[in-house]
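Down below is the structure, laid out as structure tokens.
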Amino acid sequence: DAGVIQSPRHEVTEMGQEVTLRCKPISGHNSLFWYRQTMMRGLELLIYFNNNVPIDDSGMPEDRFSAKMPNASFSTLKIQPSEPRDSAVYFCASSLGAQNTEAFFGQGTRLTVV
Amino acid sequence: QQQVKQSPQSLIVQKGGISIINCAYENTAFDYFPWYQQFPGKGPALLIAIRPDVSEKKEGRFTISFNKSAKQFSLHIMDSQPGDSATYFCAVTTSGTYKYIFGTGTRLKVLA
């Protein structure tokens, strides 16, 4: 298996633009997580899906952020409009189950908003 | 509120030495304590994990020591190698939930 696949690996965009990050989880995994990593705040859980359904989005910073999982093999995280403070590395992770099973992380998308 | 405190922030160790990273937590409800390893440009990967029913778990050169009464746990890397140079994160969670709280990370550099 290729593991969790994220695209793009790097994204540079101007403030105010829409940004879409993509994730393909490991086949057969039914839980998907979006994390954000920054120097100041470390690794933060943004949203968690189970069987394609958003279960907990309490970590989503604000309404500018949205996430979807239209099917078991694809998820997106969208920021509209983007701001410089959104600059971070965004990770997608998937696991067989939600509860204390190993989460496999993708390589991340480094987002820079200028 | 910082529910898990990790130290040190950075660590430099000679090849063959022992690397020790510590984490302390507040909530006694936490009952699963994993350590993640992250190489530059990569996502974190599970390294080793422990539950509070044991005080120590060893996998190869990596050992977790757990002190339930002190609410502390630590990662020991024996015979540290340059290939161990990475950022290490501790995490805490409660069984039956999916929410992991991560420490702030320790950047380890092992000198050849």
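Chains: A, B, ... in order of the structure tokens. Residues: from 1 per chain. Ligands: from 1, in order shown.
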With a cut-off of 12 Å, could you pull out the residues of chain A touching chain B and give me the nearest pair of atoms for each, distance in Å to one decimal, using only C-alpha atoms, ordered by chain and ascending number, as CSV?
residue,atom,partner,partner_atom,distance
A:Gly3,CA,B:Gly43,CA,11.0
A:Val4,CA,B:Gly43,CA,9.8
A:Ile5,CA,B:Gly43,CA,10.8
A:Gln6,CA,B:Gly43,CA,10.6
A:Arg9,CA,B:Gly41,CA,9.3
A:His10,CA,B:Gly41,CA,10.6
A:Ser31,CA,B:Tyr98,CA,9.4
A:Leu32,CA,B:Tyr98,CA,10.3
A:Phe33,CA,B:Tyr98,CA,9.4
A:Trp34,CA,B:Lys99,CA,11.6
A:Tyr35,CA,B:Gly43,CA,10.4
A:Arg36,CA,B:Gly43,CA,11.1
A:Gln37,CA,B:Thr104,CA,10.0
A:Thr38,CA,B:Thr104,CA,9.7
A:Met39,CA,B:Thr104,CA,8.2
A:Met40,CA,B:Thr104,CA,8.6
A:Arg41,CA,B:Thr104,CA,7.6
A:Gly42,CA,B:Thr104,CA,5.3
A:Leu43,CA,B:Phe102,CA,6.3
A:Glu44,CA,B:Phe102,CA,7.7
A:Leu45,CA,B:Lys99,CA,7.6
A:Leu46,CA,B:Lys99,CA,10.4
A:Ile47,CA,B:Lys99,CA,10.0
A:Tyr48,CA,B:Tyr98,CA,8.3
A:Phe49,CA,B:Tyr98,CA,10.3
A:Asn50,CA,B:Tyr98,CA,10.2
A:Ile55,CA,B:Tyr98,CA,10.3
A:Asp56,CA,B:Lys99,CA,9.6
A:Asp57,CA,B:Lys99,CA,11.5
A:Ser58,CA,B:Lys99,CA,11.1
A:Gly59,CA,B:Lys99,CA,10.5
A:Val89,CA,B:Gly43,CA,9.6
A:Tyr90,CA,B:Gly43,CA,9.6
A:Phe91,CA,B:Gly43,CA,7.0
A:Cys92,CA,B:Gly43,CA,8.8
A:Ala93,CA,B:Gly43,CA,8.8
A:Ser94,CA,B:Tyr98,CA,11.3
A:Ser95,CA,B:Tyr98,CA,10.1
A:Leu96,CA,B:Tyr98,CA,11.6
A:Gly97,CA,B:Tyr98,CA,8.8
A:Ala98,CA,B:Tyr98,CA,5.1
A:Gln99,CA,B:Tyr98,CA,5.0
A:Asn100,CA,B:Ser95,CA,6.4
A:Thr101,CA,B:Tyr98,CA,8.7
A:Glu102,CA,B:Leu46,CA,6.9
A:Ala103,CA,B:Leu46,CA,7.6
A:Phe104,CA,B:Ala45,CA,6.6
A:Phe105,CA,B:Gly43,CA,5.2
A:Gly106,CA,B:Gly43,CA,5.5
A:Gln107,CA,B:Lys42,CA,4.6
A:Gly108,CA,B:Gly43,CA,6.2
A:Thr109,CA,B:Gly41,CA,9.4
A:Arg110,CA,B:Gly41,CA,9.1
If I take CA of Phe73 in chain B and CA of Gln6 in chain B, how far is one from the other in Å, to one decimal?
9.7 Å
Using Å and a single decimal, report how far CA of Glu83 in chain A sits from CA of Glu11 in chain A.
13.1 Å
When you look at Ser65 in chain B with a cut-off of 10 Å (counting only C-alpha atoms), what residues show up, excluding the ones that are within fewer than 5 positions of it in the same chain? I need them as a ChimeraX atom specification.
/B:22,50,54-58,72-76
